[in-house]
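Asks: Hey, dropping model-v7.cif in here, mmCIF, C-alpha atoms:
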data_my_file
loop_
_atom_site.label_atom_id
_atom_site.label_comp_id
_atom_site.auth_asym_id
_atom_site.auth_seq_id
_atom_site.Cartn_x
_atom_site.Cartn_y
_atom_site.Cartn_z
CA MET A 209 -2.13 -11.67 21.35
CA THR A 210 0.10 -14.27 19.76
CA LYS A 211 0.11 -14.66 16.04
CA ALA A 212 -1.36 -18.12 16.44
CA LEU A 213 -4.26 -16.74 18.50
CA LEU A 214 -4.87 -14.05 15.89
CA GLY A 215 -4.99 -16.71 13.20
CA LEU A 216 -7.32 -18.83 15.36
CA SER A 217 -9.65 -15.86 15.91
CA PHE A 218 -9.74 -15.26 12.17
CA ALA A 219 -10.43 -18.93 11.47
CA CYS A 220 -13.20 -19.15 14.07
CA SER A 221 -14.87 -16.07 12.61
CA LEU A 222 -14.86 -17.71 9.20
CA ILE A 223 -16.06 -21.07 10.59
CA SER A 224 -19.21 -19.45 11.96
CA ARG A 225 -20.19 -18.56 8.38
CA THR A 226 -18.66 -21.54 6.61
CA PRO A 227 -20.09 -24.95 5.65
CA ALA A 228 -19.10 -27.78 7.97
CA ARG A 229 -16.87 -29.44 5.42
CA PHE A 230 -14.49 -26.42 5.51
CA ALA A 231 -14.50 -25.84 9.28
CA GLY A 232 -12.00 -28.55 10.20
CA VAL A 233 -9.58 -27.45 7.49
CA LEU A 234 -9.59 -23.83 8.63
CA LEU A 235 -9.12 -24.66 12.31
CA ALA A 236 -6.23 -27.02 11.60
CA ALA A 237 -4.53 -24.43 9.39
CA SER A 238 -4.83 -21.71 12.04
CA LEU A 239 -3.12 -23.83 14.69
CA THR A 240 -0.04 -24.29 12.51
CA MET A 241 0.67 -20.55 12.09
CA PRO A 242 4.02 -19.30 13.45
CA GLN A 243 3.90 -17.45 16.75
CA LEU A 244 4.87 -13.89 17.65
CA ALA A 245 4.72 -12.77 21.28
CA ALA A 246 2.49 -9.72 21.92
CA ALA A 247 0.03 -8.58 24.58
CA ASP A 248 -3.71 -8.96 24.01
CA ASP A 249 -4.25 -5.27 24.67
CA TYR A 250 -1.16 -3.98 22.83
CA GLN A 251 -2.01 -0.62 21.28
CA LEU A 252 -0.59 0.09 17.87
CA GLY A 253 1.48 3.15 17.04
CA PRO A 254 3.55 4.70 14.21
CA GLN A 255 6.15 2.40 12.63
CA ASP A 256 4.42 -0.78 13.77
CA LYS A 257 4.27 -3.21 10.86
CA LEU A 258 1.24 -5.44 10.34
CA ASN A 259 0.44 -8.45 8.20
CA ILE A 260 -3.07 -8.06 6.81
CA ARG A 261 -4.98 -10.84 5.10
CA VAL A 262 -8.58 -10.58 3.90
CA ALA A 263 -10.87 -13.40 2.74
CA GLU A 264 -14.56 -13.43 1.85
CA TRP A 265 -17.02 -16.31 2.01
CA GLN A 266 -19.28 -16.09 -1.03
CA THR A 267 -22.56 -17.69 -0.06
CA VAL A 268 -23.88 -17.82 -3.64
CA ASP A 269 -20.95 -19.85 -5.01
CA GLY A 270 -20.06 -21.61 -1.75
CA THR A 271 -16.39 -20.60 -2.19
CA PHE A 272 -13.73 -18.47 -0.55
CA ARG A 273 -12.42 -15.35 -2.25
CA ASP A 274 -8.88 -14.34 -1.29
CA TRP A 275 -8.35 -10.56 -1.57
CA SER A 276 -4.82 -10.65 -2.94
CA ALA A 277 -4.91 -6.94 -3.84
CA ILE A 278 -5.10 -6.10 -0.11
CA ASN A 279 -3.08 -8.91 1.49
CA GLY A 280 0.42 -7.93 2.54
CA GLU A 281 2.54 -6.01 5.03
CA TYR A 282 1.58 -2.49 6.06
CA SER A 283 3.21 0.14 8.26
CA VAL A 284 1.38 2.47 10.60
CA GLY A 285 2.19 5.98 9.39
CA PRO A 286 3.39 8.95 11.47
CA GLY A 287 -0.19 10.14 11.81
CA GLY A 288 -1.22 6.80 13.29
CA THR A 289 -3.08 5.68 10.18
CA LEU A 290 -2.95 2.72 7.83
CA SER A 291 -3.44 3.21 4.10
CA VAL A 292 -5.28 0.12 2.83
CA PRO A 293 -6.48 -0.31 -0.80
CA PHE A 294 -10.29 0.01 -1.19
CA VAL A 295 -10.48 1.14 2.47
CA GLY A 296 -8.37 4.31 2.45
CA ASN A 297 -6.77 5.81 5.53
CA LEU A 298 -7.76 3.91 8.66
CA GLN A 299 -6.95 5.06 12.19
CA ALA A 300 -4.72 2.45 13.84
CA ALA A 301 -2.83 4.26 16.60
CA GLY A 302 -4.24 3.42 20.01
CA LYS A 303 -6.15 0.43 18.69
CA THR A 304 -5.51 -3.31 18.90
CA THR A 305 -5.03 -5.64 15.95
CA ALA A 306 -8.53 -7.02 16.54
CA ASP A 307 -9.97 -3.48 16.34
CA VAL A 308 -8.20 -2.85 13.04
CA ALA A 309 -9.32 -6.21 11.60
CA SER A 310 -12.96 -5.45 12.42
CA ALA A 311 -12.71 -1.93 10.97
CA ILE A 312 -11.24 -3.23 7.69
CA GLY A 313 -14.01 -5.81 7.24
CA LEU A 314 -16.78 -3.27 7.91
CA ALA A 315 -15.20 -0.64 5.64
CA LEU A 316 -14.90 -3.08 2.74
CA GLN A 317 -18.49 -4.26 3.15
CA ARG A 318 -19.85 -0.70 3.24
CA LYS A 319 -17.74 0.81 0.47
CA LEU A 320 -18.15 -2.08 -1.96
CA ALA A 321 -21.77 -2.91 -0.98
CA LEU A 322 -20.91 -6.56 -0.33
CA PRO A 323 -23.65 -8.94 0.88
CA ASP A 324 -21.18 -10.67 3.24
CA LYS A 325 -18.60 -8.94 5.41
CA PRO A 326 -15.04 -9.95 4.42
CA GLU A 327 -13.01 -11.39 7.29
CA ALA A 328 -9.71 -9.65 8.01
CA SER A 329 -6.78 -11.12 9.93
CA VAL A 330 -4.35 -8.52 11.32
CA GLU A 331 -1.13 -9.77 12.89
CA MET A 332 1.97 -8.06 14.24
CA ALA A 333 4.81 -8.39 11.73
CA GLN A 334 7.23 -6.11 13.53
CA PHE A 335 6.96 -3.86 16.57
CA ARG A 336 7.99 -0.24 16.28
CA PRO A 337 11.59 0.27 17.46
CA PHE A 338 12.79 1.66 20.74
CA TYR A 339 15.40 4.40 21.15
CA ILE A 340 18.20 4.92 23.63
CA SER A 341 20.30 8.01 24.19
CA GLY A 342 22.88 9.23 26.64
CA GLU A 343 25.67 7.34 28.35
CA VAL A 344 25.74 4.22 26.19
CA GLN A 345 28.28 3.06 23.64
CA THR A 346 25.98 3.17 20.60
CA PRO A 347 22.91 5.36 21.14
CA GLY A 348 20.24 5.21 18.46
CA GLN A 349 17.30 3.16 17.22
CA PHE A 350 17.02 -0.59 17.77
CA PRO A 351 14.42 -3.27 16.92
CA PHE A 352 12.10 -4.04 19.80
CA VAL A 353 12.20 -7.53 21.33
CA PRO A 354 9.65 -9.02 23.76
CA ASP A 355 10.36 -8.82 27.53
CA LEU A 356 12.73 -5.88 27.02
CA THR A 357 13.96 -4.06 30.14
CA VAL A 358 16.16 -0.99 30.59
CA LEU A 359 19.18 -3.17 31.41
CA LYS A 360 18.64 -5.36 28.33
CA ALA A 361 18.28 -2.24 26.18
CA ILE A 362 21.59 -0.87 27.48
CA SER A 363 23.23 -4.20 26.63
CA ILE A 364 21.81 -4.02 23.10
CA ALA A 365 23.30 -0.52 22.79
CA GLY A 366 26.77 -1.84 23.68
CA GLY A 367 26.71 -1.18 27.40
CA ILE A 368 27.55 1.95 29.41
CA ARG A 369 30.04 4.36 27.85
CA ARG A 370 33.42 4.18 29.58
CA ASN A 371 34.93 7.38 31.03
CA ALA A 372 38.57 6.60 30.18
CA ASP A 373 38.24 7.97 26.69
CA TYR A 374 35.26 10.19 27.34
CA GLY A 375 36.98 13.41 26.35
CA PRO A 376 38.10 12.26 22.87
CA GLN A 377 34.88 10.28 22.48
CA LEU A 378 32.82 13.41 23.18
CA GLY A 379 34.49 15.16 20.26
CA LYS A 380 33.88 12.17 18.01
CA ASP A 381 30.25 12.02 19.09
CA LEU A 382 29.75 15.67 18.22
CA VAL A 383 31.19 15.24 14.72
CA THR A 384 29.28 11.99 14.17
CA ALA A 385 26.02 13.45 15.44
CA LYS A 386 26.34 16.51 13.19
CA GLY A 387 27.08 14.35 10.15
CA SER A 388 24.23 11.96 10.93
CA PHE A 389 21.84 14.85 11.49
CA ASP A 390 22.67 16.31 8.08
CA ILE A 391 22.03 12.93 6.42
CA TYR A 392 18.70 12.30 8.16
CA ASP A 393 17.54 15.89 7.68
CA ASP A 394 18.30 15.61 3.95
CA GLN A 395 16.32 12.36 3.82
CA ARG A 396 13.44 14.06 5.63
CA ILE A 397 13.31 16.93 3.13
CA ARG A 398 13.44 14.57 0.14
CA LEU A 399 10.67 12.39 1.59
CA LEU A 400 8.43 15.39 2.27
CA VAL A 401 8.77 16.45 -1.36
CA LYS A 402 8.25 12.86 -2.54
CA ARG A 403 5.07 12.54 -0.49
CA ALA A 404 3.73 15.81 -1.96
CA ARG A 405 4.52 14.54 -5.47
CA ILE A 406 2.73 11.22 -4.87
CA ASP A 407 -0.34 13.03 -3.54
CA ALA A 408 -0.42 15.16 -6.70
CA ASP A 409 0.08 12.05 -8.85
CA LEU A 410 -2.87 10.32 -7.16
CA ALA A 411 -4.99 13.41 -7.79
CA GLY A 412 -4.02 13.44 -11.49
CA LYS A 413 -2.19 16.79 -11.24
CA THR A 414 0.91 17.73 -13.23
CA THR A 415 2.36 20.02 -10.53
CA PHE A 416 2.56 19.99 -6.75
CA GLU A 417 3.16 22.46 -3.93
CA VAL A 418 6.27 22.31 -1.78
CA PRO A 419 5.48 21.73 1.92
CA LYS A 420 5.70 25.04 3.77
CA GLU A 421 7.86 23.56 6.54
CA ILE A 422 10.83 23.20 4.16
CA GLU A 423 10.43 26.32 2.00
CA GLY A 424 13.71 28.16 1.54
CA ASP A 425 15.98 25.12 1.84
CA PRO A 426 18.90 25.55 -0.61
CA LYS A 427 18.64 21.94 -1.84
CA LEU A 428 14.92 22.27 -2.58
CA ALA A 429 15.12 23.34 -6.22
CA THR A 430 17.02 20.23 -7.32
CA ILE A 431 14.82 17.86 -5.30
CA VAL A 432 11.61 19.42 -6.64
CA ALA A 433 12.93 19.23 -10.21
CA ASP A 434 13.66 15.50 -9.82
CA GLU A 435 10.26 14.72 -8.31
CA THR A 436 8.46 16.85 -10.92
CA ALA A 437 10.17 14.85 -13.67
CA ILE A 438 8.84 11.64 -12.11
CA LEU A 439 5.35 13.14 -11.81
CA VAL A 440 5.31 14.27 -15.46
CA SER A 441 6.65 10.88 -16.57
CA ASP A 442 3.90 9.00 -14.69
CA GLN A 443 1.14 11.20 -16.08
CA LYS A 444 2.59 11.10 -19.61
CA SER A 445 2.90 7.30 -19.53
CA LEU A 446 -0.70 6.92 -18.39
CA LYS A 447 -1.92 9.43 -21.00
CA LEU A 448 -0.08 7.60 -23.79
CA LYS A 449 -1.73 4.32 -22.77
CA LEU A 450 -5.18 5.88 -22.58
CA ASP A 451 -4.73 7.74 -25.89
CA ALA A 452 -3.61 4.54 -27.60
CA LEU A 453 -6.69 2.73 -26.30
CA ASP A 454 -8.93 5.60 -27.42
CA ASP A 455 -7.37 5.45 -30.90
CA LEU A 456 -7.98 1.70 -31.01
CA LYS A 457 -11.60 2.20 -29.97
CA GLY A 458 -11.99 4.83 -32.70
CA VAL A 459 -10.66 2.45 -35.35
CA LEU A 460 -12.95 -0.33 -34.14
CA GLN A 461 -15.97 1.99 -34.10
CA SER A 462 -15.22 3.05 -37.69
CA GLU A 463 -14.96 -0.60 -38.63
CA ILE A 464 -18.35 -1.29 -37.03
CA GLU A 465 -19.95 1.58 -38.97
CA SER A 466 -18.42 0.34 -42.21
CA LEU A 467 -19.67 -3.19 -41.59
CA GLN A 468 -23.15 -1.90 -40.81
CA LYS A 469 -23.21 -0.08 -44.16
CA LYS A 470 -22.08 -3.27 -45.89
CA ILE A 471 -24.88 -5.18 -44.16
CA THR A 472 -27.40 -2.61 -45.42
CA ASN A 473 -26.14 -2.89 -49.01
CA GLN A 474 -25.93 -6.65 -48.77
CA GLN A 475 -29.52 -6.82 -47.50
CA LYS A 476 -30.66 -4.86 -50.57
CA GLN A 477 -28.94 -7.42 -52.81
CA VAL A 478 -30.61 -10.23 -50.84
CA ASP A 479 -34.01 -8.61 -51.37
CA LEU A 480 -33.39 -8.29 -55.12
CA ALA A 481 -32.13 -11.86 -55.37
CA GLU A 482 -35.18 -13.17 -53.48
CA LYS A 483 -37.54 -11.27 -55.80
CA GLN A 484 -35.73 -12.70 -58.81
CA ALA A 485 -36.01 -16.22 -57.38
CA GLU A 486 -39.71 -15.69 -56.72
CA SER A 487 -40.32 -14.55 -60.32
CA ILE A 488 -38.40 -17.50 -61.79
CA GLY A 489 -40.16 -20.09 -59.65
CA PRO A 490 -43.55 -20.12 -61.56
CA LEU A 491 -41.78 -20.09 -64.92
CA ALA A 492 -39.67 -23.09 -63.91
CA GLN A 493 -42.78 -25.00 -62.84
CA LYS A 494 -44.34 -24.37 -66.30
CA GLY A 495 -41.11 -25.45 -67.99
CA LEU A 496 -40.51 -22.03 -69.50
CA VAL A 497 -37.05 -21.73 -67.86
CA ALA A 498 -34.54 -24.35 -66.83
CA ASN A 499 -34.52 -25.52 -63.19
CA ALA A 500 -30.80 -24.81 -63.07
CA ARG A 501 -31.50 -21.11 -63.35
CA LEU A 502 -33.86 -21.31 -60.35
CA LEU A 503 -31.27 -23.18 -58.31
CA SER A 504 -28.62 -20.62 -59.25
CA SER A 505 -30.86 -17.78 -58.11
CA GLN A 506 -31.59 -19.49 -54.79
CA GLN A 507 -27.87 -20.17 -54.25
CA SER A 508 -27.15 -16.46 -54.77
CA VAL A 509 -29.63 -15.60 -52.01
CA THR A 510 -27.95 -18.08 -49.66
CA ASP A 511 -24.46 -16.72 -50.41
CA LEU A 512 -25.55 -13.14 -49.83
CA GLN A 513 -27.18 -14.04 -46.50
CA GLY A 514 -23.99 -15.83 -45.47
CA LYS A 515 -21.97 -12.66 -46.06
CA ILE A 516 -24.39 -10.70 -43.88
CA LEU A 517 -23.81 -13.24 -41.10
CA ASP A 518 -20.04 -12.81 -41.50
CA TYR A 519 -20.40 -9.03 -41.21
CA GLU A 520 -22.53 -9.35 -38.08
CA THR A 521 -19.92 -11.69 -36.52
CA ALA A 522 -17.18 -9.15 -37.32
CA ILE A 523 -19.25 -6.39 -35.65
CA LEU A 524 -19.64 -8.51 -32.52
CA THR A 525 -15.88 -9.14 -32.42
CA ALA A 526 -15.16 -5.40 -32.79
CA LYS A 527 -17.57 -4.55 -29.94
CA GLN A 528 -15.85 -7.11 -27.72
CA SER A 529 -12.49 -5.50 -28.54
CA ILE A 530 -13.90 -2.07 -27.58
CA SER A 531 -15.07 -3.49 -24.24
CA LYS A 532 -11.61 -4.95 -23.64
CA ALA A 533 -10.02 -1.57 -24.45
CA ASP A 534 -12.30 0.08 -21.87
CA GLN A 535 -11.25 -2.51 -19.27
CA ASP A 536 -7.57 -2.04 -20.16
CA ALA A 537 -7.96 1.71 -19.56
CA ILE A 538 -9.48 1.07 -16.12
CA ASP A 539 -6.72 -1.44 -15.31
CA ALA A 540 -4.02 1.07 -16.31
CA LYS A 541 -5.45 3.70 -13.95
CA ASN A 542 -5.91 1.20 -11.10
CA SER A 543 -2.39 -0.16 -11.55
CA LEU A 544 -0.86 3.31 -11.30
CA ASN A 545 -3.00 4.20 -8.27
CA SER A 546 -2.09 0.93 -6.54
CA THR A 547 1.63 1.54 -7.10
CA LEU A 548 1.36 5.14 -5.91
CA THR A 549 -0.58 4.11 -2.79
CA ALA A 550 2.10 1.56 -1.87
CA ASN A 551 4.87 4.12 -2.54
CA ARG A 552 3.12 6.72 -0.39
CA GLN A 553 2.78 4.26 2.47
CA GLN A 554 6.49 3.47 2.29
CA ALA A 555 7.35 7.18 2.06
CA GLU A 556 5.31 7.84 5.21
CA ALA A 557 7.17 5.12 7.10
CA ASP A 558 10.57 6.31 5.86
CA LEU A 559 9.71 9.94 6.67
CA ASN A 560 8.72 9.04 10.22
CA GLU A 561 11.95 7.14 10.71
CA ALA A 562 14.11 9.94 9.26
CA THR A 563 12.33 12.56 11.42
CA LEU A 564 12.88 10.54 14.59
CA LYS A 565 16.53 9.89 13.77
CA ALA A 566 17.17 13.56 12.94
CA GLY A 567 15.57 14.58 16.24
CA MET A 568 17.68 12.10 18.15
CA GLN A 569 20.91 13.29 16.51
CA LYS A 570 19.95 16.87 17.31
CA GLY A 571 19.63 15.88 20.95
CA LEU A 572 23.02 14.16 20.85
CA ILE A 573 24.58 17.30 19.36
CA ALA A 574 23.21 19.33 22.24
CA GLN A 575 24.46 16.80 24.78
CA ALA A 576 27.94 16.52 23.25
CA SER A 577 28.21 20.31 23.15
CA ASP A 578 27.40 20.67 26.87
CA PRO A 579 30.59 21.39 28.92
CA ALA A 580 28.94 20.16 32.11
CA THR A 581 28.66 16.68 30.62
CA ALA A 582 32.39 16.47 29.95
CA ALA A 583 33.29 17.89 33.38
CA SER A 584 31.26 15.19 35.11
CA MET A 585 33.39 12.44 33.59
CA THR A 586 36.90 13.58 34.58
CA GLY A 587 37.28 11.15 37.49
CA ASP A 588 38.13 7.45 37.47
CA GLN A 589 35.21 6.41 39.63
CA GLU A 590 32.34 4.36 38.22
CA PRO A 591 29.63 6.86 37.25
CA THR A 592 26.21 6.86 38.85
CA LEU A 593 23.53 6.73 36.20
CA LEU A 594 19.92 7.82 36.14
CA TYR A 595 17.36 6.23 33.83
CA SER A 596 14.09 7.54 32.48
CA LEU A 597 11.60 6.56 29.81
CA VAL A 598 9.92 8.98 27.43
CA ARG A 599 6.63 7.38 26.44
CA VAL A 600 3.63 8.47 24.37
CA ALA A 601 0.26 7.30 25.73
CA ASP A 602 -3.16 8.46 24.55
CA GLY A 603 -1.51 11.15 22.46
CA LYS A 604 0.40 12.61 25.44
CA THR A 605 4.16 12.45 26.00
CA SER A 606 5.45 11.88 29.50
CA GLU A 607 8.82 11.12 31.08
CA ILE A 608 8.93 8.62 33.92
CA GLU A 609 11.76 7.50 36.17
CA ALA A 610 13.04 3.99 35.53
CA LYS A 611 15.31 1.31 36.96
CA GLU A 612 17.35 -1.41 35.33
CA ASP A 613 14.46 -3.88 35.55
CA THR A 614 11.78 -1.46 34.31
CA PRO A 615 9.93 -2.94 31.28
CA VAL A 616 10.39 -1.10 27.98
CA LEU A 617 7.57 -0.82 25.41
CA PRO A 618 7.78 -0.34 21.65
CA GLY A 619 8.40 3.30 20.75
CA ASP A 620 9.90 4.19 24.16
CA VAL A 621 12.93 6.48 24.32
CA ILE A 622 15.35 5.45 27.07
CA LYS A 623 17.46 8.24 28.52
CA VAL A 624 20.68 7.29 30.32
CA LYS A 625 22.11 10.27 32.22
CA LEU A 626 24.95 10.91 34.62
CA ALA A 627 23.89 11.67 38.18
CA PRO A 628 24.99 15.16 39.34
CA THR A 629 28.21 15.13 41.34
CA ALA A 630 28.57 16.69 44.80
CA SER A 631 30.31 19.73 43.32
CA GLN A 632 27.38 20.46 40.98
#
Once you've parsed the file, please lay out its structure as structure tokens.
Replies:
Amino acid sequence: MTKALLGLSFACSLISRTPARFAGVLLAASLTMPQLAAADDYQLGPQDKLNIRVAEWQTVDGTFRDWSAINGEYSVGPGGTLSVPFVGNLQAAGKTTADVASAIGLALQRKLALPDKPEASVEMAQFRPFYISGEVQTPGQFPFVPDLTVLKAISIAGGIRRNADYGPQLGKDLVTAKGSFDIYDDQRIRLLVKRARIDADLAGKTTFEVPKEIEGDPKLATIVADETAILVSDQKSLKLKLDALDDLKGVLQSEIESLQKKITNQQKQVDLAEKQAESIGPLAQKGLVANARLLSSQQSVTDLQGKILDYETAILTAKQSISKADQDAIDAKNSLNSTLTANRQQAEADLNEATLKAGMQKGLIAQASDPATAASMTGDQEPTLLYSLVRVADGKTSEIEAKEDTPVLPGDVIKVKLAPTASQ
């Protein structure tokens, strides 16, 4: 589905629940969106990147609410899930963008008990890459482009590897592959530890367990120490903010209690002043005391009542400050969780990429170390090549034969091999 069609679908869904005066605006805006070629039934997979935008029509106010906390670019993780704020982990692998958009809207409505279902627009931002290995100049990972075929993929990888310098090149490939494997494997280990630290941080823990798959690695102690320092720093920073807000609330509560005591004492003085004014009133009417004394007594009552009003205003201000401190504490926790969620999503994407690259380099090491491969390239004749595609579909991996014009899909691994010679 093109990006424009996705935008149009999103706009039409909103139009069905939108007043007529907004319908024309939405439809016109959707038709101006940039286009990205994709199939209607394209099934998502790990490393696909999506643009997600959520809006809600609020029937009470007659306005649109743009969910800026959710809007943005997301990557499908190695487990085939998306991590979306307020929604959590959402299965995306094997589903279309329309399926994911519908699931996000329903999840938000259910979890937040919204009267209207928010409308989600999910668009392809970037397809997952394809991979090519074997007899090409630059094997590795490359960005997917629409209408990709095996021949186009070989061209992107620099063409077929020439046999004139195959012997020296084989040695270079082995050294390069070993070095690259070490780099990607180190990245993989660091990302596994980072992911474990983020999970502990989200759970409010001060320690985390090292993933069992990397126990015993000699570099582990240093990596764990670095990530633990980050974890302690995050928790300490949040605790300091919350403690400071608690201290502020304590001071304000003490101030409220003090003001309430002042109001009580002030009210006693008001009662005494009113009694005095009441006793002077009859005497003033009989001329036994001067009217000025009566007026002075009444003025005292008014002044005392004014101070009580000032104290009550100060109490209201203090209570408002306590409420703001409570909200600041909630915001501090949400801000940290939002940052950690985004970091975990990125760590998942980076981990998936590093794992795939390490696996590919491991395969190249095995290929470069195979004597039969070098022996097959000793002649000057143009080599005969065999192509195959390794593809994951419905959770199953299969290898299929391919030709130069065979279409390539995102996530495919293209193998370019030498055909066996007559002597083999």
Asks: State, in Å with one decimal place, the distance from CA of Ala311 in chain A to CA of Gly619 in chain A.
Replies: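 So the answer is 23.8 Å.
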Asks: Name the residues in contact with Pro337 in chain A at a cut-off of 8 Å, using all atoms listed in the file, excluding same-chain residues fewer than 6 positions from it; report them as number ranges by chain.
Replies: A: 255, 349-352, 618-620
Asks: Using all atoms listed in the file, which residues sit within 12 Å of Thr547 in chain A once same-chain residues fewer than 4 positions away are excluded, as a PDB file with C-alpha atoms, keeping the file's coordinate frame?
Replies:
ATOM      1  CA  ALA A 277      -4.910  -6.940  -3.840  1.00  0.00           C
ATOM      2  CA  PRO A 293      -6.480  -0.310  -0.800  1.00  0.00           C
ATOM      3  CA  ILE A 406       2.730  11.220  -4.870  1.00  0.00           C
ATOM      4  CA  ASP A 409       0.080  12.050  -8.850  1.00  0.00           C
ATOM      5  CA  LEU A 410      -2.870  10.320  -7.160  1.00  0.00           C
ATOM      6  CA  ASP A 442       3.900   9.000 -14.690  1.00  0.00           C
ATOM      7  CA  ALA A 540      -4.020   1.070 -16.310  1.00  0.00           C
ATOM      8  CA  LYS A 541      -5.450   3.700 -13.950  1.00  0.00           C
ATOM      9  CA  ASN A 542      -5.910   1.200 -11.100  1.00  0.00           C
ATOM     10  CA  SER A 543      -2.390  -0.160 -11.550  1.00  0.00           C
ATOM     11  CA  ASN A 551       4.870   4.120  -2.540  1.00  0.00           C
ATOM     12  CA  ARG A 552       3.120   6.720  -0.390  1.00  0.00           C
ATOM     13  CA  GLN A 553       2.780   4.260   2.470  1.00  0.00           C
ATOM     14  CA  GLN A 554       6.490   3.470   2.290  1.00  0.00           C
TER      15      GLN A 554
END
Asks: Kindly provide the residues of range 377-411 of chain A that approach range 416-438 of chain A to within 12 Å, each paired with its closest atom pair and their distance in Å to one decimal, based on all atoms listed in the file, listed by chain and increasing number, as a Markdown table.
Replies:
| residue | atom | partner | partner_atom | distance |
| --- | --- | --- | --- | --- |
| A:Asp393 | CA | A:Ile422 | CA | 10.5 |
| A:Asp394 | CA | A:Lys427 | CA | 8.6 |
| A:Gln395 | CA | A:Ile431 | CA | 10.8 |
| A:Arg396 | CA | A:Ile422 | CA | 9.6 |
| A:Ile397 | CA | A:Ile422 | CA | 6.8 |
| A:Arg398 | CA | A:Ile431 | CA | 6.5 |
| A:Leu399 | CA | A:Ile431 | CA | 9.7 |
| A:Leu400 | CA | A:Pro419 | CA | 7.0 |
| A:Val401 | CA | A:Val418 | CA | 6.4 |
| A:Lys402 | CA | A:Glu435 | CA | 6.4 |
| A:Arg403 | CA | A:Pro419 | CA | 9.5 |
| A:Ala404 | CA | A:Phe416 | CA | 6.5 |
| A:Arg405 | CA | A:Phe416 | CA | 5.9 |
| A:Ile406 | CA | A:Phe416 | CA | 9.0 |
| A:Asp407 | CA | A:Phe416 | CA | 8.2 |
| A:Ala408 | CA | A:Phe416 | CA | 5.7 |
| A:Asp409 | CA | A:Phe416 | CA | 8.6 |
| A:Leu410 | CA | A:Phe416 | CA | 11.1 |
| A:Ala411 | CA | A:Phe416 | CA | 10.1 |
Asks: Put a box with edges along x, y and z around all the listed atoms of range 281-284 of chain A, pad it by 5 Å on each side, then give me its centre and sizes in Å, one decimal, as AutoDock Vina command-line options.
Replies:
--center_x 2.3 --center_y -1.8 --center_z 7.8 --size_x 11.8 --size_y 18.5 --size_z 15.6
Asks: If you measure from CA of Val621 in chain A to CA of Asp307 in chain A, what distance in Å do you get, rounded to one decimal?
Replies: 26.2 Å
Asks: For each of A:Val262, A:Leu359, A:Ala537, A:Ala522, take the minimum atom-to-atom distance to Asp451 in chain A, counting only C-alpha atoms, then give the residue where this is smallest.
Replies: A:Ala537
Asks: So that I can check the surroundings of Lys319 in chain A, please list as a PyMOL selection string every protein, DNA and RNA residue that reaches within 8 Å of it, counting all atoms listed in the file and ignoring chain neighbours fewer than 3 positions away.
Replies: chain A and resi 294-295+315-316
Asks: Taking the file as shown, find all residues satisfying the PyMOL selection byres ((chain A and resi 616) around 10) and write them as a list in words.
Replies: Phe338, Phe352, Val353, Pro354, Asp355, Leu356, Thr357, Val358, Leu359, Lys360, Ala361, Leu597, Arg599, Ala610, Asp613, Thr614, Pro615, Leu617, Pro618, Gly619, Asp620, Val621 and Ile622 of chain A
Asks: Export, as a PDB file, in the coordinates of the input, the selected residues with C-alpha atoms.
Replies:
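out_18.pdb, written as the output of this step:
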ATOM      1  CA  PHE A 338      12.790   1.660  20.740  1.00  0.00           C
ATOM      2  CA  PHE A 352      12.100  -4.040  19.800  1.00  0.00           C
ATOM      3  CA  VAL A 353      12.200  -7.530  21.330  1.00  0.00           C
ATOM      4  CA  PRO A 354       9.650  -9.020  23.760  1.00  0.00           C
ATOM      5  CA  ASP A 355      10.360  -8.820  27.530  1.00  0.00           C
ATOM      6  CA  LEU A 356      12.730  -5.880  27.020  1.00  0.00           C
ATOM      7  CA  THR A 357      13.960  -4.060  30.140  1.00  0.00           C
ATOM      8  CA  VAL A 358      16.160  -0.990  30.590  1.00  0.00           C
ATOM      9  CA  LEU A 359      19.180  -3.170  31.410  1.00  0.00           C
ATOM     10  CA  LYS A 360      18.640  -5.360  28.330  1.00  0.00           C
ATOM     11  CA  ALA A 361      18.280  -2.240  26.180  1.00  0.00           C
ATOM     12  CA  LEU A 597      11.600   6.560  29.810  1.00  0.00           C
ATOM     13  CA  ARG A 599       6.630   7.380  26.440  1.00  0.00           C
ATOM     14  CA  ALA A 610      13.040   3.990  35.530  1.00  0.00           C
ATOM     15  CA  ASP A 613      14.460  -3.880  35.550  1.00  0.00           C
ATOM     16  CA  THR A 614      11.780  -1.460  34.310  1.00  0.00           C
ATOM     17  CA  PRO A 615       9.930  -2.940  31.280  1.00  0.00           C
ATOM     18  CA  LEU A 617       7.570  -0.820  25.410  1.00  0.00           C
ATOM     19  CA  PRO A 618       7.780  -0.340  21.650  1.00  0.00           C
ATOM     20  CA  GLY A 619       8.400   3.300  20.750  1.00  0.00           C
ATOM     21  CA  ASP A 620       9.900   4.190  24.160  1.00  0.00           C
ATOM     22  CA  VAL A 621      12.930   6.480  24.320  1.00  0.00           C
ATOM     23  CA  ILE A 622      15.350   5.450  27.070  1.00  0.00           C
TER      24      ILE A 622
END
Asks: Taking into account all atoms listed in the file, which residue in the set A:Ala601, A:Glu465, A:Leu593, A:Asp324 is nearest to Arg369 in chain A?
Replies: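 Comparing A:Ala601, A:Glu465, A:Leu593, A:Asp324 against Arg369 in chain A, the winner is A:Leu593.
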Asks: Which residues, named as in the file, does the PyMOL selection byres ((chain A and resi 297) around 12) pick out? Answer as a list in words.
Replies: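 With the shown file as input, the PyMOL selection byres ((chain A and resi 297) around 12) matches Tyr282, Ser283, Val284, Gly285, Gly287, Gly288, Thr289, Leu290, Ser291, Val292, Pro293, Phe294, Val295, Gly296, Leu298, Gln299, Ala300, Ala301, Val308, Ala311, Ile312, Ala315, Thr549, Arg552 and Gln553 of chain A.
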